[in-house]
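S.K.: Okay, handing you the structure first.
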Amino acid sequence: MKLKKFTTNFISKDLETSISYYRDILGFKLEMVVDDNHIITKEMDQDKNYVYALMSKDDLEIMFQTPDSIAEDIPACKDIPKGISACFYLEVEGLTDFYQEIHKKVEIVRDLYTTWYGMQEFHIKDCNGNILGFAKKAE
């Protein structure tokens, strides 16, 4: 087996809020959305109910899917508790500038600091309760 790509699929109760948060605050681009009739488009229409979205930034893709939709696709997801037991860790260029750009717009759960293992990083909680860590090698 050769791994080619790892994409996170966040469960989101409110896709519009997730899309706005990742687009407007973190700088992601909406690549596609799927409505509850399984129609795929590149833009959102106010009159439709969306169940899935794919967003990207640089070489990273993130998916968002409603709880009912993911339970339909993967029945084992129906009974799992909401929330996660992970912290998503993203290594970035321009960490300090990015921090200055977003720190007043997000919920910071660990402010910018240098770790004992030589990374400069900060952690936020996104609009879905997921913890995202942003880091770069300390100078």
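Please note that chains go A, B, ... in the order of the structure tokens, that every chain numbers its residues from 1, and that ligands are numbered from 1 in the order shown.
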Run DSSP on the backbone and tell me which residues of segment 20-100 of chain A come out as strand (DSSP E); list them as an MDAnalysis selection string.
M.R.: chainID A and resid 29:35 40:41 50:57 60:65 87:91
S.K.: Write out as a ChimeraX atom specification the set of residues from segment 36-117 of chain A that DSSP, computed on the backbone, places in alpha helix (DSSP H).
M.R.: /A:67-73,95-102
S.K.: Could you turn the residues from that selection into a file that holds N, CA and C atoms, as a PDB file, in the first residue's frame?
M.R.:
```
ATOM      1  N   PRO A  67     -24.032  15.605  10.177  1.00  0.00           N
ATOM      2  CA  PRO A  67     -24.125  14.335  10.899  1.00  0.00           C
ATOM      3  C   PRO A  67     -25.015  13.306  10.201  1.00  0.00           C
ATOM      4  N   ASP A  68     -26.184  13.718   9.715  1.00  0.00           N
ATOM      5  CA  ASP A  68     -27.086  12.774   9.041  1.00  0.00           C
ATOM      6  C   ASP A  68     -26.484  12.242   7.745  1.00  0.00           C
ATOM      7  N   SER A  69     -25.811  13.126   7.011  1.00  0.00           N
ATOM      8  CA  SER A  69     -25.228  12.722   5.742  1.00  0.00           C
ATOM      9  C   SER A  69     -24.095  11.716   5.940  1.00  0.00           C
ATOM     10  N   ILE A  70     -23.229  11.958   6.896  1.00  0.00           N
ATOM     11  CA  ILE A  70     -22.120  11.011   7.102  1.00  0.00           C
ATOM     12  C   ILE A  70     -22.639   9.684   7.660  1.00  0.00           C
ATOM     13  N   ALA A  71     -23.699   9.730   8.464  1.00  0.00           N
ATOM     14  CA  ALA A  71     -24.297   8.490   8.981  1.00  0.00           C
ATOM     15  C   ALA A  71     -24.931   7.682   7.847  1.00  0.00           C
ATOM     16  N   GLU A  72     -25.446   8.386   6.838  1.00  0.00           N
ATOM     17  CA  GLU A  72     -26.004   7.702   5.665  1.00  0.00           C
ATOM     18  C   GLU A  72     -24.886   7.031   4.865  1.00  0.00           C
ATOM     19  N   ASP A  73     -23.765   7.731   4.703  1.00  0.00           N
ATOM     20  CA  ASP A  73     -22.632   7.198   3.939  1.00  0.00           C
ATOM     21  C   ASP A  73     -21.897   6.099   4.697  1.00  0.00           C
ATOM     22  N   LEU A  95       3.941  32.030  10.122  1.00  0.00           N
ATOM     23  CA  LEU A  95       3.121  31.789  11.311  1.00  0.00           C
ATOM     24  C   LEU A  95       2.775  33.070  12.070  1.00  0.00           C
ATOM     25  N   THR A  96       3.768  33.919  12.335  1.00  0.00           N
ATOM     26  CA  THR A  96       3.527  35.120  13.123  1.00  0.00           C
ATOM     27  C   THR A  96       2.555  36.060  12.418  1.00  0.00           C
ATOM     28  N   ASP A  97       2.715  36.251  11.121  1.00  0.00           N
ATOM     29  CA  ASP A  97       1.785  37.100  10.367  1.00  0.00           C
ATOM     30  C   ASP A  97       0.376  36.513  10.385  1.00  0.00           C
ATOM     31  N   PHE A  98       0.278  35.196  10.216  1.00  0.00           N
ATOM     32  CA  PHE A  98      -1.025  34.531  10.246  1.00  0.00           C
ATOM     33  C   PHE A  98      -1.679  34.703  11.617  1.00  0.00           C
ATOM     34  N   TYR A  99      -0.893  34.514  12.669  1.00  0.00           N
ATOM     35  CA  TYR A  99      -1.401  34.710  14.035  1.00  0.00           C
ATOM     36  C   TYR A  99      -1.935  36.132  14.207  1.00  0.00           C
ATOM     37  N   GLN A 100      -1.170  37.137  13.786  1.00  0.00           N
ATOM     38  CA  GLN A 100      -1.602  38.538  13.918  1.00  0.00           C
ATOM     39  C   GLN A 100      -2.893  38.793  13.138  1.00  0.00           C
ATOM     40  N   GLU A 101      -3.032  38.135  12.010  1.00  0.00           N
ATOM     41  CA  GLU A 101      -4.207  38.313  11.157  1.00  0.00           C
ATOM     42  C   GLU A 101      -5.478  37.745  11.789  1.00  0.00           C
ATOM     43  N   ILE A 102      -5.370  36.597  12.494  1.00  0.00           N
ATOM     44  CA  ILE A 102      -6.594  35.924  12.956  1.00  0.00           C
ATOM     45  C   ILE A 102      -6.835  35.931  14.457  1.00  0.00           C
TER      46      ILE A 102
END
```
S.K.: I need the residue nearest Asp45 of chain A from this list: A:Val33, A:Met63, A:Ile19, A:Ala86. Use only C-alpha atoms for the distance.
M.R.: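 Among A:Val33, A:Met63, A:Ile19, A:Ala86, it is A:Val33 that comes nearest to Asp45 of chain A.
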S.K.: Of the candidates A:Cys77, A:Cys87, A:Ile124, A:Met119, which one gets nearest to Ala138 of chain A if we count only C-alpha atoms?
M.R.: A:Met119
S.K.: May I have the residues within 12 Å of Lys125 of chain A as a PDB file with N, CA, C and O atoms, in the first residue's frame, using only C-alpha atoms and disregarding those fewer than 4 positions away in the same chain?
M.R.:
```pdb
ATOM      1  N   TYR A  21     -16.414  30.358   8.291  1.00  0.00           N
ATOM      2  CA  TYR A  21     -15.285  30.395   9.214  1.00  0.00           C
ATOM      3  C   TYR A  21     -13.976  30.069   8.495  1.00  0.00           C
ATOM      4  O   TYR A  21     -12.996  30.809   8.572  1.00  0.00           O
ATOM      5  N   TYR A  22     -13.954  28.959   7.775  1.00  0.00           N
ATOM      6  CA  TYR A  22     -12.725  28.527   7.113  1.00  0.00           C
ATOM      7  C   TYR A  22     -12.367  29.432   5.931  1.00  0.00           C
ATOM      8  O   TYR A  22     -11.186  29.646   5.653  1.00  0.00           O
ATOM      9  N   GLY A  83     -17.873  15.254  18.458  1.00  0.00           N
ATOM     10  CA  GLY A  83     -16.609  15.754  18.974  1.00  0.00           C
ATOM     11  C   GLY A  83     -15.478  14.846  18.540  1.00  0.00           C
ATOM     12  O   GLY A  83     -15.683  13.843  17.876  1.00  0.00           O
ATOM     13  N   ILE A  84     -14.267  15.199  18.926  1.00  0.00           N
ATOM     14  CA  ILE A  84     -13.103  14.443  18.482  1.00  0.00           C
ATOM     15  C   ILE A  84     -12.182  14.140  19.641  1.00  0.00           C
ATOM     16  O   ILE A  84     -12.302  14.727  20.710  1.00  0.00           O
ATOM     17  N   ALA A  86      -8.753  14.286  19.021  1.00  0.00           N
ATOM     18  CA  ALA A  86      -7.520  14.592  18.307  1.00  0.00           C
ATOM     19  C   ALA A  86      -7.319  16.092  18.263  1.00  0.00           C
ATOM     20  O   ALA A  86      -8.252  16.861  18.443  1.00  0.00           O
ATOM     21  N   CYS A  87      -6.095  16.489  18.025  1.00  0.00           N
ATOM     22  CA  CYS A  87      -5.757  17.881  17.762  1.00  0.00           C
ATOM     23  C   CYS A  87      -5.122  17.891  16.377  1.00  0.00           C
ATOM     24  O   CYS A  87      -4.181  17.146  16.125  1.00  0.00           O
ATOM     25  N   PHE A  88      -5.653  18.676  15.494  1.00  0.00           N
ATOM     26  CA  PHE A  88      -5.134  18.734  14.138  1.00  0.00           C
ATOM     27  C   PHE A  88      -3.989  19.740  14.100  1.00  0.00           C
ATOM     28  O   PHE A  88      -4.129  20.869  14.532  1.00  0.00           O
ATOM     29  N   HIS A 103      -5.851  36.270  15.278  1.00  0.00           N
ATOM     30  CA  HIS A 103      -5.980  36.020  16.728  1.00  0.00           C
ATOM     31  C   HIS A 103      -7.170  36.726  17.382  1.00  0.00           C
ATOM     32  O   HIS A 103      -7.684  36.230  18.376  1.00  0.00           O
ATOM     33  N   LYS A 105     -10.056  37.111  15.855  1.00  0.00           N
ATOM     34  CA  LYS A 105     -11.255  36.590  15.185  1.00  0.00           C
ATOM     35  C   LYS A 105     -11.594  35.170  15.603  1.00  0.00           C
ATOM     36  O   LYS A 105     -12.623  34.639  15.191  1.00  0.00           O
ATOM     37  N   VAL A 106     -10.705  34.527  16.376  1.00  0.00           N
ATOM     38  CA  VAL A 106     -10.863  33.114  16.716  1.00  0.00           C
ATOM     39  C   VAL A 106     -10.789  32.915  18.219  1.00  0.00           C
ATOM     40  O   VAL A 106     -10.382  33.820  18.951  1.00  0.00           O
ATOM     41  N   GLU A 107     -11.156  31.715  18.668  1.00  0.00           N
ATOM     42  CA  GLU A 107     -10.998  31.358  20.070  1.00  0.00           C
ATOM     43  C   GLU A 107      -9.625  30.706  20.244  1.00  0.00           C
ATOM     44  O   GLU A 107      -9.396  29.577  19.815  1.00  0.00           O
ATOM     45  N   ILE A 108      -8.708  31.445  20.853  1.00  0.00           N
ATOM     46  CA  ILE A 108      -7.365  30.934  21.114  1.00  0.00           C
ATOM     47  C   ILE A 108      -7.429  30.036  22.347  1.00  0.00           C
ATOM     48  O   ILE A 108      -7.923  30.449  23.395  1.00  0.00           O
ATOM     49  N   VAL A 109      -6.949  28.797  22.230  1.00  0.00           N
ATOM     50  CA  VAL A 109      -6.911  27.904  23.392  1.00  0.00           C
ATOM     51  C   VAL A 109      -5.496  27.756  23.937  1.00  0.00           C
ATOM     52  O   VAL A 109      -5.312  27.319  25.073  1.00  0.00           O
ATOM     53  N   ARG A 110      -4.498  28.106  23.156  1.00  0.00           N
ATOM     54  CA  ARG A 110      -3.103  28.203  23.619  1.00  0.00           C
ATOM     55  C   ARG A 110      -2.441  29.270  22.771  1.00  0.00           C
ATOM     56  O   ARG A 110      -2.323  29.133  21.555  1.00  0.00           O
ATOM     57  N   ASP A 111      -2.042  30.351  23.413  1.00  0.00           N
ATOM     58  CA  ASP A 111      -1.462  31.485  22.712  1.00  0.00           C
ATOM     59  C   ASP A 111      -0.103  31.125  22.124  1.00  0.00           C
ATOM     60  O   ASP A 111       0.506  30.113  22.487  1.00  0.00           O
ATOM     61  N   GLY A 129     -15.775  23.181  17.274  1.00  0.00           N
ATOM     62  CA  GLY A 129     -15.179  22.646  18.487  1.00  0.00           C
ATOM     63  C   GLY A 129     -13.906  21.861  18.264  1.00  0.00           C
ATOM     64  O   GLY A 129     -13.356  21.287  19.200  1.00  0.00           O
ATOM     65  N   ASN A 130     -13.400  21.805  17.033  1.00  0.00           N
ATOM     66  CA  ASN A 130     -12.156  21.105  16.734  1.00  0.00           C
ATOM     67  C   ASN A 130     -10.964  21.963  17.150  1.00  0.00           C
ATOM     68  O   ASN A 130     -10.984  23.179  16.996  1.00  0.00           O
ATOM     69  N   ILE A 131      -9.914  21.330  17.662  1.00  0.00           N
ATOM     70  CA  ILE A 131      -8.693  22.035  18.029  1.00  0.00           C
ATOM     71  C   ILE A 131      -7.728  21.975  16.845  1.00  0.00           C
ATOM     72  O   ILE A 131      -7.419  20.888  16.339  1.00  0.00           O
ATOM     73  N   LEU A 132      -7.276  23.155  16.401  1.00  0.00           N
ATOM     74  CA  LEU A 132      -6.312  23.252  15.309  1.00  0.00           C
ATOM     75  C   LEU A 132      -5.050  23.906  15.843  1.00  0.00           C
ATOM     76  O   LEU A 132      -5.109  24.992  16.420  1.00  0.00           O
ATOM     77  N   GLY A 133      -3.924  23.245  15.657  1.00  0.00           N
ATOM     78  CA  GLY A 133      -2.638  23.807  16.039  1.00  0.00           C
ATOM     79  C   GLY A 133      -1.895  24.266  14.792  1.00  0.00           C
ATOM     80  O   GLY A 133      -1.844  23.544  13.803  1.00  0.00           O
ATOM     81  N   PHE A 134      -1.334  25.480  14.848  1.00  0.00           N
ATOM     82  CA  PHE A 134      -0.561  26.021  13.739  1.00  0.00           C
ATOM     83  C   PHE A 134       0.869  26.195  14.220  1.00  0.00           C
ATOM     84  O   PHE A 134       1.095  26.730  15.306  1.00  0.00           O
TER      85      PHE A 134
END
```
S.K.: So, counting only C-alpha atoms, which residue among A:Ser18, A:Ser12, A:Ser56, A:Gln46 is closest to Met32 of chain A?
M.R.: A:Ser56
S.K.: Using only C-alpha atoms, can you tell me which of A:Tyr89, A:Lys104, A:Lys57, A:Gln120 comes closest to Leu26 of chain A?
M.R.: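 Looking only at the distances to Leu26 of chain A, the closest residue turns out to be A:Lys57.
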S.K.: Restricting the calculation to only C-alpha atoms, which member of A:Leu60, A:Thr41, A:Tyr50, A:Ala135 is positioned closest to Thr17 of chain A?
M.R.: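 Ranking A:Leu60, A:Thr41, A:Tyr50, A:Ala135 by distance to Thr17 of chain A, first place goes to A:Tyr50.
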S.K.: Let me make sure I understand: among A:Glu121, A:Glu43, A:Asp24, A:Glu31, which one has the smallest atom-to-atom distance to Ile62 of chain A if we use only C-alpha atoms?
M.R.: A:Glu31
